[in-house]
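Undergrad: After the structure tokens below, expect a handful of questions from me.
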Amino acid sequence: MSDVLLEVQDLNVSFQTFDGEARVLNGVNLSVRRGEAVAIVGESGCGKTVTVKAIMGLLPEGSSRIGSGRIRFKGDDLLGLRSSDWSRIRGHQISMVFQDPMTHLNPVFSVGDQLTDVLLWSGQQRVGLVRWLLGSLQRGKRNEARKRAAEWLQRVRLPDPEGALARYPVELSGGMRQRVLIALGLITEPDLLIADEPGTALDVSIQDQILELLEDLVATQGTSLLFITHNLGVARRISQRIYVMYAGEVVETGSTQEVFDHPRHPYTQGLLASIPKLTGEMGEGIAGRIPNFVAPPPGCRFAPRCPFHTDQCDVQQPPLVEVAPGHQVACTLYEEGASGQ
Amino acid sequence: MFRTFLLPRVLQMIPVLLGLSILIFFLSRIMPGDPVRLALGPEATQEQITQYRHELGLDLPLPQQYSQYMKGLLTGHLGHSLRTNRDVSQDLADSFPATLELVLAAMVIAVGVGVPLGVVAGIRKDKWEDQLTRVVALGGIAMPRFWLGILLQLLFASVFHLLPAIGRGDIHPTQITGLYLLDSLLTGDTPAFWSSLKSILLPAITLSLASLAQIMRLTRSNMIEETRRDYILASTAYGVPRLLIVAKYMLKNAFGTTLTTIGLTFGYLLGNAFLVEVVFAWPGMASYGVEAVIGKDFNAVVGVTMVIGVTFLLTNLLVDLIYGWLDPRIKYS
Amino acid sequence: MSTASRTDLSSVRNEELRRGWTRLKRSPLSIVGLVIVALVVLAAVFAPVLAPYPQDAGPGVHFDRVHKPPSLAHLFGTDDVGRDIFSRSLFGARLSLGLGMIVLAIGMGIGIPLGLIAGYWGRGVATLIMRTADIFLAIPSLVLALAVAAAFKPTLTTTMIAISFSWWPWFTRLVYGEALRIKENQFVESSRGLGASSWRTAYHEILPNLISPIIVKATLDMGFVIMMDASLSFLGLGAQPPTPAWGTMIAEGRQYLPTIWWQATMPGLMILVTVMGFNLLGDGFRDLLDVHADIGEG
């Protein structure tokens, strides 16, 4: 399968907390192919954001630790990358659209400044102070970059793109800021775009417009998309394949159609059952809360909340097994010898 | 901008200055002993003293004295100095530039050295650079200014004979602004420039050290806070190089917060100039003020205090303006 | 999580203290600060016992041992009239700490009630109090203290009054700011809803929340007050010779520089170490009590 763009294998990440080591990711596997749109769904705190931060090398130094695992992107092992090599990857290869438009834009620089800086400097391995100063003197290059920045603002359908370049984030509405964030993520024309619940901070109608825009752009650019959300409706709409995460583990994966039509894992079933028809927001349908990451349940992490809980569940973590072509589930119910549901 | 931002701030200053003048004026009039007797010397007869008191208006009731004083103030007169026998405003006009030059030089050192060191300490958190600046900061804040001045004099003037221990240099440039360094640059007077530079170095370093330490620690914690910001993380994700993020994005944000304390730093430097000028025999307004306090020269005390109050408030106003320009959020909130 | 009972709150509080203690233990500098402060306090309390030459605190003259350099007999050397500088420095600690405590007591005694009143009762009162505080803050503390010192005879009491005079507004500001913040807390809102009077609320809800920032500020300020006292006495506006105040001793010793280097440097070293000790301890308390308030600086 040479068309696999990103492959995450057995990723383990832990954080140092006051109570001890919290194992936040426990053997996560996932992959994204070229041109594919993949969604990761799960409740907040299930490790979605940690997964993508690990992919981008953005986990906080010191407090977090990557225990084991591999992240391969186009043949590069991202975990072995030195910091100077990251400049090759971030931006032009993988970029990101962030969730909260209020905090992810730099408040003291104009929109144009932020966009042109990404255009002019992304991917530059080393920036000497002299080169930086010379660079800022090159009028032609800057004007060129501003033009492209304006084009991108047009593409994300920001009214008055030329004027918006000179504006500061405070002068823009939440929806407009989110559009700027999308432009920032796509302006480098990355092969893989990671989107971390864009628009969730905004009201539903704007959120809808943002999704439509993102779908559109990804389709026309041929960019692969890794989309993170806690909203099943959104995931269904935007993705071809889906990963369901629970407490730092992938519990079910398959084509979006298949997983929605025939959910196998009790957690996925619970999630789908609890969706209010209209909003697609995840309800509180499943009793109990996400377990403690410092001392997680010994076997299946979902066991304490699972309606089909058996003694077998507490013995060991069930592996992902294939139940239908491309459809995998990590649950003792589907292990060899166990009868189907 | 002017009506919503500048005007209210200027108007706010008026009651503060008025209150300050009342406070200091009345404090100065309850001085013990008789300043007039002190000024005229032991030979003076009771008649001479009464005569002089009358000339100075000291026999009037206090509120009336105050209104006289304020009338003088509006016409630029700060009253008669018992010690120099001149109008206090003249004395201050002569000595203020020296203090201003010293404070500005100290400010340049404090910001010019403190901010870069703070940036280094912030991005190299818990590494040796950070530990070193921590030690410097500890010493800088806890060391008495006058004592540090004495030690520096001892070392650089008495032991190594590198720099003059006291005074403002022997070669003075033609007066334009009264700031010798600036004047000598403007007139191209190289000997005067070197002489002024050499003599201002020790007092300015002495004066700046504590503020340098504070600015350094503040910049450090601001830089550390900045590294945790979402927008810095986002810039990293877009592939913006680290150096650009530090030198442009983080520094501008961190410096904005540092800037807000510069008004306070200015006041702090102005206050400590009183100690440093005395140690280095710097002919500025602060050493004039100390002599006035010791010599019970009440008009001079009031004059010095008022000038410092006005300077301090104006600096804060200026800082507000710069901050508003640096951080667009201020204008819109 | 939805309903926080009393026990929940106290266990949260204990948890905070436990974490604070972990932080404190990890910072050896705070421990150093604690040790320094403890030593200075001991020196101050037991100065008459600890000083090898307690009679030297006064105006005595010993022509047989004038300007002896530091040695085992005289740790800090002797001064121009042969007095033991170490003994005098110990008595100096007594003066400095005593003065610091009185100044802070006066500063807090005026500043805290005014801040509470301004923060809790109404707009007119708040404006009046805070504008008055602004007047005092419109000039640097040292300059204000100088102006006050000018109005009286230079003595230890004068220094005390002068510094207190310039110190109270900082406490008013701290308390006012914190009181406003706490007032917006729902938790105070709810007790108000139950009909608690303003004064009760101030006393039971706001004051306890203010204890941490006040402890931190008072510890840090102790160092700054000692520094300012030394500054005033160095300028000749505080305690007069032969009182063994550190600032006065430096001023006296200055004229014998550079040959008799110890007479001016040793008392300075005492100031440096003491102020550093209080700063370190204050920072340690800040971590321990997790104070984020704007403490300000005199």
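Just remember, in the structure tokens the first chain shown is A, the second B, etc., residues are 1-based per chain, and ligands are 1-based in the order shown.
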What residues in chain B lie within 7 Å of chain C, counting only C-alpha atoms, written as a PyMOL selection string?

TA: chain B and resi 16+19-20+27-28+30-32+138+142-144+147+154+158+267-268+271+293-294+296+301+305+308-309+312-313

Undergrad: When you get a sec, could you note down which chain A residues fall within 10 Å of chain B, using only C-alpha atoms, as a PDB file with N, CA and C atoms, in the first residue's frame?

TA:
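The resulting result06.pdb:
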ATOM      1  N   LYS A  53      -1.273  15.948  18.292  1.00  0.00           N
ATOM      2  CA  LYS A  53      -0.104  16.716  18.737  1.00  0.00           C
ATOM      3  C   LYS A  53       1.151  15.866  18.627  1.00  0.00           C
ATOM      4  N   MET A  56       2.325  15.865  15.104  1.00  0.00           N
ATOM      5  CA  MET A  56       2.970  17.105  14.695  1.00  0.00           C
ATOM      6  C   MET A  56       4.189  17.460  15.540  1.00  0.00           C
ATOM      7  N   GLY A  57       4.520  16.598  16.489  1.00  0.00           N
ATOM      8  CA  GLY A  57       5.678  16.882  17.335  1.00  0.00           C
ATOM      9  C   GLY A  57       5.450  18.076  18.234  1.00  0.00           C
ATOM     10  N   LEU A  58       4.218  18.269  18.685  1.00  0.00           N
ATOM     11  CA  LEU A  58       3.899  19.464  19.462  1.00  0.00           C
ATOM     12  C   LEU A  58       3.584  19.160  20.927  1.00  0.00           C
ATOM     13  N   LEU A  59       3.860  17.936  21.354  1.00  0.00           N
ATOM     14  CA  LEU A  59       3.608  17.632  22.767  1.00  0.00           C
ATOM     15  C   LEU A  59       4.562  18.435  23.636  1.00  0.00           C
ATOM     16  N   PRO A  60       4.096  18.886  24.797  1.00  0.00           N
ATOM     17  CA  PRO A  60       4.968  19.696  25.646  1.00  0.00           C
ATOM     18  C   PRO A  60       6.202  18.918  26.087  1.00  0.00           C
ATOM     19  N   SER A  83      14.878  18.526  15.661  1.00  0.00           N
ATOM     20  CA  SER A  83      14.011  19.705  15.579  1.00  0.00           C
ATOM     21  C   SER A  83      14.242  20.473  14.276  1.00  0.00           C
ATOM     22  N   SER A  84      15.469  20.433  13.741  1.00  0.00           N
ATOM     23  CA  SER A  84      15.696  21.175  12.502  1.00  0.00           C
ATOM     24  C   SER A  84      14.999  20.503  11.314  1.00  0.00           C
ATOM     25  N   TRP A  86      12.079  19.114  11.463  1.00  0.00           N
ATOM     26  CA  TRP A  86      10.642  19.340  11.538  1.00  0.00           C
ATOM     27  C   TRP A  86      10.202  20.440  10.588  1.00  0.00           C
ATOM     28  N   SER A  87      11.099  21.402  10.332  1.00  0.00           N
ATOM     29  CA  SER A  87      10.720  22.514   9.460  1.00  0.00           C
ATOM     30  C   SER A  87      10.384  22.006   8.054  1.00  0.00           C
ATOM     31  N   ARG A  88      10.913  20.829   7.696  1.00  0.00           N
ATOM     32  CA  ARG A  88      10.603  20.230   6.406  1.00  0.00           C
ATOM     33  C   ARG A  88       9.164  19.706   6.405  1.00  0.00           C
ATOM     34  N   ILE A  89       8.726  19.228   7.550  1.00  0.00           N
ATOM     35  CA  ILE A  89       7.429  18.558   7.644  1.00  0.00           C
ATOM     36  C   ILE A  89       6.289  19.537   7.922  1.00  0.00           C
ATOM     37  N   ARG A  90       6.475  20.318   8.977  1.00  0.00           N
ATOM     38  CA  ARG A  90       5.380  21.193   9.396  1.00  0.00           C
ATOM     39  C   ARG A  90       5.132  22.269   8.340  1.00  0.00           C
ATOM     40  N   GLY A  91       3.889  22.526   8.091  1.00  0.00           N
ATOM     41  CA  GLY A  91       3.559  23.544   7.104  1.00  0.00           C
ATOM     42  C   GLY A  91       3.336  22.914   5.742  1.00  0.00           C
ATOM     43  N   HIS A  92       4.446  22.671   5.026  1.00  0.00           N
ATOM     44  CA  HIS A  92       4.291  22.201   3.654  1.00  0.00           C
ATOM     45  C   HIS A  92       3.811  20.758   3.546  1.00  0.00           C
ATOM     46  N   GLN A  93       4.158  19.900   4.509  1.00  0.00           N
ATOM     47  CA  GLN A  93       3.730  18.509   4.430  1.00  0.00           C
ATOM     48  C   GLN A  93       2.475  18.266   5.269  1.00  0.00           C
ATOM     49  N   ILE A  94       2.559  18.637   6.523  1.00  0.00           N
ATOM     50  CA  ILE A  94       1.393  18.489   7.404  1.00  0.00           C
ATOM     51  C   ILE A  94       1.094  19.852   7.999  1.00  0.00           C
ATOM     52  N   SER A  95      -0.132  20.253   7.967  1.00  0.00           N
ATOM     53  CA  SER A  95      -0.488  21.491   8.652  1.00  0.00           C
ATOM     54  C   SER A  95      -1.768  21.256   9.429  1.00  0.00           C
ATOM     55  N   MET A  96      -2.212  22.300  10.085  1.00  0.00           N
ATOM     56  CA  MET A  96      -3.280  22.077  11.037  1.00  0.00           C
ATOM     57  C   MET A  96      -4.267  23.249  11.049  1.00  0.00           C
ATOM     58  N   VAL A  97      -5.539  22.913  11.243  1.00  0.00           N
ATOM     59  CA  VAL A  97      -6.544  23.950  11.499  1.00  0.00           C
ATOM     60  C   VAL A  97      -6.975  23.785  12.942  1.00  0.00           C
ATOM     61  N   PHE A  98      -6.822  24.835  13.714  1.00  0.00           N
ATOM     62  CA  PHE A  98      -7.072  24.709  15.149  1.00  0.00           C
ATOM     63  C   PHE A  98      -8.511  24.996  15.503  1.00  0.00           C
ATOM     64  N   ASP A 100      -9.959  26.620  18.437  1.00  0.00           N
ATOM     65  CA  ASP A 100     -10.510  27.823  19.054  1.00  0.00           C
ATOM     66  C   ASP A 100      -9.976  29.083  18.368  1.00  0.00           C
ATOM     67  N   PRO A 101     -10.808  29.749  17.581  1.00  0.00           N
ATOM     68  CA  PRO A 101     -10.328  30.918  16.848  1.00  0.00           C
ATOM     69  C   PRO A 101     -10.002  32.094  17.764  1.00  0.00           C
ATOM     70  N   MET A 102     -10.389  32.003  19.036  1.00  0.00           N
ATOM     71  CA  MET A 102     -10.117  33.115  19.947  1.00  0.00           C
ATOM     72  C   MET A 102      -8.681  33.074  20.459  1.00  0.00           C
ATOM     73  N   THR A 103      -8.128  31.886  20.586  1.00  0.00           N
ATOM     74  CA  THR A 103      -6.804  31.813  21.205  1.00  0.00           C
ATOM     75  C   THR A 103      -5.687  31.426  20.235  1.00  0.00           C
ATOM     76  N   HIS A 104      -6.041  30.983  19.028  1.00  0.00           N
ATOM     77  CA  HIS A 104      -4.979  30.498  18.141  1.00  0.00           C
ATOM     78  C   HIS A 104      -4.476  31.524  17.137  1.00  0.00           C
ATOM     79  N   LEU A 105      -5.042  32.735  17.207  1.00  0.00           N
ATOM     80  CA  LEU A 105      -4.491  33.811  16.381  1.00  0.00           C
ATOM     81  C   LEU A 105      -3.704  34.750  17.278  1.00  0.00           C
ATOM     82  N   ASN A 106      -2.555  35.165  16.798  1.00  0.00           N
ATOM     83  CA  ASN A 106      -1.727  36.070  17.591  1.00  0.00           C
ATOM     84  C   ASN A 106      -2.385  37.448  17.656  1.00  0.00           C
ATOM     85  N   PRO A 107      -2.698  37.899  18.883  1.00  0.00           N
ATOM     86  CA  PRO A 107      -3.492  39.120  18.996  1.00  0.00           C
ATOM     87  C   PRO A 107      -2.769  40.403  18.579  1.00  0.00           C
ATOM     88  N   VAL A 108      -1.442  40.394  18.580  1.00  0.00           N
ATOM     89  CA  VAL A 108      -0.741  41.658  18.337  1.00  0.00           C
ATOM     90  C   VAL A 108      -0.154  41.760  16.930  1.00  0.00           C
ATOM     91  N   PHE A 109      -0.532  40.840  16.037  1.00  0.00           N
ATOM     92  CA  PHE A 109      -0.098  40.978  14.648  1.00  0.00           C
ATOM     93  C   PHE A 109      -1.316  40.949  13.733  1.00  0.00           C
ATOM     94  N   SER A 110      -1.235  41.693  12.641  1.00  0.00           N
ATOM     95  CA  SER A 110      -2.367  41.740  11.728  1.00  0.00           C
ATOM     96  C   SER A 110      -2.492  40.400  11.012  1.00  0.00           C
ATOM     97  N   GLN A 114       0.459  37.634   9.739  1.00  0.00           N
ATOM     98  CA  GLN A 114       0.537  36.235  10.138  1.00  0.00           C
ATOM     99  C   GLN A 114       0.527  35.319   8.918  1.00  0.00           C
ATOM    100  N   LEU A 115      -0.300  35.668   7.927  1.00  0.00           N
ATOM    101  CA  LEU A 115      -0.360  34.836   6.719  1.00  0.00           C
ATOM    102  C   LEU A 115       0.938  34.927   5.915  1.00  0.00           C
ATOM    103  N   ASP A 117       3.902  35.719   6.918  1.00  0.00           N
ATOM    104  CA  ASP A 117       5.011  35.066   7.610  1.00  0.00           C
ATOM    105  C   ASP A 117       5.028  33.572   7.343  1.00  0.00           C
ATOM    106  N   VAL A 118       3.847  32.968   7.363  1.00  0.00           N
ATOM    107  CA  VAL A 118       3.792  31.530   7.080  1.00  0.00           C
ATOM    108  C   VAL A 118       4.243  31.278   5.639  1.00  0.00           C
ATOM    109  N   LEU A 119       3.766  32.101   4.714  1.00  0.00           N
ATOM    110  CA  LEU A 119       4.141  31.930   3.310  1.00  0.00           C
ATOM    111  C   LEU A 119       5.641  32.085   3.102  1.00  0.00           C
ATOM    112  N   LEU A 120       6.197  33.117   3.709  1.00  0.00           N
ATOM    113  CA  LEU A 120       7.595  33.445   3.442  1.00  0.00           C
ATOM    114  C   LEU A 120       8.558  32.543   4.196  1.00  0.00           C
ATOM    115  N   TRP A 121       8.181  32.112   5.372  1.00  0.00           N
ATOM    116  CA  TRP A 121       9.171  31.448   6.228  1.00  0.00           C
ATOM    117  C   TRP A 121       8.938  29.983   6.474  1.00  0.00           C
ATOM    118  N   SER A 122       7.718  29.500   6.201  1.00  0.00           N
ATOM    119  CA  SER A 122       7.459  28.092   6.487  1.00  0.00           C
ATOM    120  C   SER A 122       8.393  27.219   5.664  1.00  0.00           C
ATOM    121  N   GLY A 123       8.996  26.263   6.334  1.00  0.00           N
ATOM    122  CA  GLY A 123       9.868  25.332   5.650  1.00  0.00           C
ATOM    123  C   GLY A 123      11.318  25.781   5.585  1.00  0.00           C
ATOM    124  N   GLN A 124      11.601  27.005   5.965  1.00  0.00           N
ATOM    125  CA  GLN A 124      12.998  27.463   5.994  1.00  0.00           C
ATOM    126  C   GLN A 124      13.692  26.769   7.153  1.00  0.00           C
ATOM    127  N   GLN A 125      14.773  26.073   6.829  1.00  0.00           N
ATOM    128  CA  GLN A 125      15.436  25.300   7.882  1.00  0.00           C
ATOM    129  C   GLN A 125      16.069  26.182   8.936  1.00  0.00           C
ATOM    130  N   ARG A 126      16.858  27.122   8.483  1.00  0.00           N
ATOM    131  CA  ARG A 126      17.527  28.007   9.431  1.00  0.00           C
ATOM    132  C   ARG A 126      17.266  29.450   9.028  1.00  0.00           C
ATOM    133  N   VAL A 127      16.964  30.250  10.018  1.00  0.00           N
ATOM    134  CA  VAL A 127      16.772  31.656   9.734  1.00  0.00           C
ATOM    135  C   VAL A 127      17.808  32.426  10.522  1.00  0.00           C
ATOM    136  N   GLY A 128      18.792  32.951   9.844  1.00  0.00           N
ATOM    137  CA  GLY A 128      19.744  33.821  10.524  1.00  0.00           C
ATOM    138  C   GLY A 128      19.096  35.176  10.714  1.00  0.00           C
ATOM    139  N   LEU A 129      19.582  35.900  11.683  1.00  0.00           N
ATOM    140  CA  LEU A 129      19.032  37.218  11.944  1.00  0.00           C
ATOM    141  C   LEU A 129      19.217  38.115  10.715  1.00  0.00           C
ATOM    142  N   TRP A 132      16.810  37.277   8.064  1.00  0.00           N
ATOM    143  CA  TRP A 132      15.485  37.752   8.414  1.00  0.00           C
ATOM    144  C   TRP A 132      15.345  39.241   8.075  1.00  0.00           C
ATOM    145  N   ARG A 167      -6.266  44.017   9.145  1.00  0.00           N
ATOM    146  CA  ARG A 167      -7.014  43.969  10.407  1.00  0.00           C
ATOM    147  C   ARG A 167      -6.303  43.110  11.451  1.00  0.00           C
ATOM    148  N   TYR A 168      -6.604  43.421  12.705  1.00  0.00           N
ATOM    149  CA  TYR A 168      -6.106  42.591  13.804  1.00  0.00           C
ATOM    150  C   TYR A 168      -7.213  41.617  14.205  1.00  0.00           C
ATOM    151  N   PRO A 169      -6.829  40.456  14.775  1.00  0.00           N
ATOM    152  CA  PRO A 169      -7.851  39.470  15.151  1.00  0.00           C
ATOM    153  C   PRO A 169      -9.000  40.050  15.974  1.00  0.00           C
ATOM    154  N   VAL A 170      -8.732  40.988  16.886  1.00  0.00           N
ATOM    155  CA  VAL A 170      -9.836  41.545  17.694  1.00  0.00           C
ATOM    156  C   VAL A 170     -10.907  42.195  16.861  1.00  0.00           C
ATOM    157  N   GLU A 171     -10.528  42.618  15.643  1.00  0.00           N
ATOM    158  CA  GLU A 171     -11.505  43.328  14.826  1.00  0.00           C
ATOM    159  C   GLU A 171     -12.410  42.381  14.051  1.00  0.00           C
ATOM    160  N   LEU A 181      -8.085  31.026  10.284  1.00  0.00           N
ATOM    161  CA  LEU A 181      -7.346  29.846  10.751  1.00  0.00           C
ATOM    162  C   LEU A 181      -7.275  28.780   9.664  1.00  0.00           C
ATOM    163  N   LEU A 184      -4.753  29.860   7.184  1.00  0.00           N
ATOM    164  CA  LEU A 184      -3.403  29.652   7.722  1.00  0.00           C
ATOM    165  C   LEU A 184      -2.977  28.195   7.587  1.00  0.00           C
ATOM    166  N   GLY A 185      -3.942  27.279   7.799  1.00  0.00           N
ATOM    167  CA  GLY A 185      -3.616  25.860   7.712  1.00  0.00           C
ATOM    168  C   GLY A 185      -3.391  25.407   6.280  1.00  0.00           C
ATOM    169  N   LEU A 186      -4.086  26.036   5.334  1.00  0.00           N
ATOM    170  CA  LEU A 186      -4.027  25.546   3.955  1.00  0.00           C
ATOM    171  C   LEU A 186      -3.072  26.318   3.055  1.00  0.00           C
ATOM    172  N   ILE A 187      -2.635  27.477   3.510  1.00  0.00           N
ATOM    173  CA  ILE A 187      -1.870  28.360   2.633  1.00  0.00           C
ATOM    174  C   ILE A 187      -0.553  27.721   2.175  1.00  0.00           C
ATOM    175  N   THR A 188      -0.044  26.796   2.971  1.00  0.00           N
ATOM    176  CA  THR A 188       1.195  26.117   2.584  1.00  0.00           C
ATOM    177  C   THR A 188       0.914  24.930   1.677  1.00  0.00           C
ATOM    178  N   PRO A 190      -0.550  21.854   2.195  1.00  0.00           N
ATOM    179  CA  PRO A 190       0.031  20.642   2.770  1.00  0.00           C
ATOM    180  C   PRO A 190      -0.573  19.384   2.146  1.00  0.00           C
TER     181      PRO A 190
END

Undergrad: If DSSP is run on the backbone, what residues of stretch 26-258 of chain A are strand (DSSP E)? A reply as a ChimeraX atom specification would be ideal.

TA: /A:26-33,37-41,64-73,76-77,94-97,192-196,224-229,241-246,249-255

Undergrad: Go ahead and write the selection's residues with C-alpha atoms as a compact mmCIF listing (two decimals), in the first residue's frame.

TA:
# COMPACT_ATOMS: atom_id res chain seq x y z
CA ASN A 26 -2.28 3.23 24.98
CA GLY A 27 -1.20 1.56 21.75
CA VAL A 28 -2.96 3.70 19.18
CA ASN A 29 -2.90 2.56 15.54
CA LEU A 30 -4.20 4.63 12.67
CA SER A 31 -3.45 5.48 9.08
CA VAL A 32 -4.44 8.04 6.47
CA ARG A 33 -4.17 7.43 2.72
CA ALA A 37 -10.72 12.06 4.73
CA VAL A 38 -10.46 10.28 8.06
CA ALA A 39 -12.22 11.18 11.29
CA ILE A 40 -11.31 10.42 14.89
CA VAL A 41 -14.30 10.58 17.22
CA SER A 64 5.04 14.35 28.31
CA ARG A 65 6.81 11.18 27.23
CA ILE A 66 6.39 9.05 24.15
CA GLY A 67 6.89 5.53 25.49
CA SER A 68 6.90 3.50 22.32
CA GLY A 69 5.42 3.40 18.87
CA ARG A 70 6.12 4.71 15.41
CA ILE A 71 4.74 7.52 13.34
CA ARG A 72 5.62 7.23 9.66
CA PHE A 73 4.87 9.97 7.19
CA ASP A 76 9.97 9.39 7.36
CA ASP A 77 9.90 8.32 10.98
CA ILE A 94 1.39 18.49 7.40
CA SER A 95 -0.49 21.49 8.65
CA MET A 96 -3.28 22.08 11.04
CA VAL A 97 -6.54 23.95 11.50
CA LEU A 192 -2.13 16.30 5.07
CA LEU A 193 -4.35 18.69 6.92
CA ILE A 194 -5.24 17.96 10.51
CA ALA A 195 -8.38 19.69 11.69
CA ASP A 196 -9.04 19.78 15.42
CA SER A 224 -5.77 14.37 2.83
CA LEU A 225 -7.74 15.23 5.93
CA LEU A 226 -7.52 13.97 9.47
CA PHE A 227 -10.53 15.37 11.25
CA ILE A 228 -11.02 15.27 14.97
CA THR A 229 -14.43 15.69 16.49
CA ARG A 241 -13.12 6.31 7.28
CA ILE A 242 -13.50 6.65 11.01
CA TYR A 243 -11.64 5.79 14.21
CA VAL A 244 -13.59 5.63 17.46
CA MET A 245 -11.38 6.35 20.45
CA TYR A 246 -12.06 5.65 24.08
CA GLU A 249 -7.34 3.52 22.76
CA VAL A 250 -8.87 2.92 19.33
CA VAL A 251 -11.89 0.70 20.04
CA GLU A 252 -13.39 0.51 16.58
CA THR A 253 -12.46 1.49 13.05
CA GLY A 254 -13.79 1.01 9.56
CA SER A 255 -15.41 2.84 6.69

Undergrad: Report as a Markdown table: every residue of chain A with an atom at most 12 Å from chain C, its closest pair of atoms, and their distance in Å to one decimal, counting only C-alpha atoms, with rows sorted by chain and ascending residue number.

TA:
| residue | atom | partner | partner_atom | distance |
| --- | --- | --- | --- | --- |
| A:Thr17 | CA | C:Arg19 | CA | 11.1 |
| A:Phe18 | CA | C:Arg19 | CA | 7.8 |
| A:Asp19 | CA | C:Arg19 | CA | 10.3 |

Undergrad: So that I can check the surroundings of C:Gly284, please list as a list in words every protein, DNA and RNA residue that reaches within 8 Å of it, counting only C-alpha atoms and ignoring chain neighbours fewer than 3 positions away.

TA: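 Listed by chain and then number, they are Leu24, Ser27, Leu29, Ser30, Ile31, Leu280, Leu281, Asp287 and Leu288 of chain C.
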
Undergrad: For A:His262, work out the shell of residues within 12 Å, counting only C-alpha atoms and skipping chain neighbours fewer than 6 positions away, then give it as JSON, numbers by chain.

TA: {"A": [252, 253, 254, 255, 256, 268, 269, 272, 323, 324, 327, 328, 329, 341]}

Undergrad: Give me a file of those residues, with N, CA and C atoms, as an mmCIF file, in the first residue's frame.

TA:
data_model
loop_
_atom_site.group_PDB
_atom_site.id
_atom_site.type_symbol
_atom_site.label_atom_id
_atom_site.label_comp_id
_atom_site.auth_asym_id
_atom_site.auth_seq_id
_atom_site.Cartn_x
_atom_site.Cartn_y
_atom_site.Cartn_z
ATOM 1 N N GLU A 252 -12.743 1.001 17.782
ATOM 2 C CA GLU A 252 -13.387 0.509 16.576
ATOM 3 C C GLU A 252 -12.969 1.366 15.395
ATOM 4 N N THR A 253 -12.787 0.719 14.242
ATOM 5 C CA THR A 253 -12.463 1.489 13.052
ATOM 6 C C THR A 253 -13.015 0.796 11.823
ATOM 7 N N GLY A 254 -13.274 1.576 10.795
ATOM 8 C CA GLY A 254 -13.792 1.012 9.561
ATOM 9 C C GLY A 254 -14.262 2.133 8.660
ATOM 10 N N SER A 255 -14.884 1.770 7.541
ATOM 11 C CA SER A 255 -15.406 2.837 6.693
ATOM 12 C C SER A 255 -16.556 3.492 7.462
ATOM 13 N N THR A 256 -16.715 4.756 7.256
ATOM 14 C CA THR A 256 -17.698 5.514 8.027
ATOM 15 C C THR A 256 -19.092 4.895 7.861
ATOM 16 N N THR A 268 -19.322 2.274 20.827
ATOM 17 C CA THR A 268 -19.838 2.918 19.620
ATOM 18 C C THR A 268 -21.358 2.835 19.588
ATOM 19 N N GLN A 269 -21.863 1.669 19.953
ATOM 20 C CA GLN A 269 -23.318 1.503 19.973
ATOM 21 C C GLN A 269 -23.957 2.489 20.934
ATOM 22 N N LEU A 272 -23.884 6.020 19.439
ATOM 23 C CA LEU A 272 -24.868 6.231 18.385
ATOM 24 C C LEU A 272 -26.274 6.303 18.961
ATOM 25 N N VAL A 323 -13.884 -7.763 11.828
ATOM 26 C CA VAL A 323 -15.201 -8.394 11.856
ATOM 27 C C VAL A 323 -15.861 -8.355 10.486
ATOM 28 N N ALA A 324 -15.400 -7.443 9.638
ATOM 29 C CA ALA A 324 -15.878 -7.333 8.261
ATOM 30 C C ALA A 324 -14.721 -6.702 7.503
ATOM 31 N N HIS A 327 -13.202 -3.461 8.706
ATOM 32 C CA HIS A 327 -13.900 -3.052 9.928
ATOM 33 C C HIS A 327 -13.321 -3.814 11.124
ATOM 34 N N GLN A 328 -12.660 -3.090 12.044
ATOM 35 C CA GLN A 328 -12.002 -3.741 13.163
ATOM 36 C C GLN A 328 -12.588 -3.271 14.485
ATOM 37 N N VAL A 329 -12.643 -4.172 15.436
ATOM 38 C CA VAL A 329 -13.211 -3.855 16.750
ATOM 39 C C VAL A 329 -12.318 -4.439 17.839
ATOM 40 N N GLN A 341 -22.572 -11.140 18.308
ATOM 41 C CA GLN A 341 -23.540 -10.466 19.167
ATOM 42 C C GLN A 341 -24.908 -11.094 19.134
#

Undergrad: Need to verify the contact set: C:Arg88, 6 Å, only C-alpha atoms, exclusion of same-chain residues closer than 2 positions in sequence. Can you return it as a ChimeraX atom specification?

TA: /C:57,85-86,90-91,244

Undergrad: Identify, with DSSP run on backbone atoms, the residues in stretch 102-338 of chain A assigned to helix (DSSP H, G or I), and express the list as a ChimeraX atom specification.

TA: /A:111-121,129-137,139-155,161-165,169-171,174-186,204-221,232-238,256-261,266-273,303-305,311-314,332-334

Undergrad: Write out as number ranges by chain which residues come within 12 Å of B:Thr84 when counting only C-alpha atoms, dropping same-chain ones fewer than 5 positions away.

TA: B: 39, 79, 89-92, 288, 291-292, 295, 297, 299-300
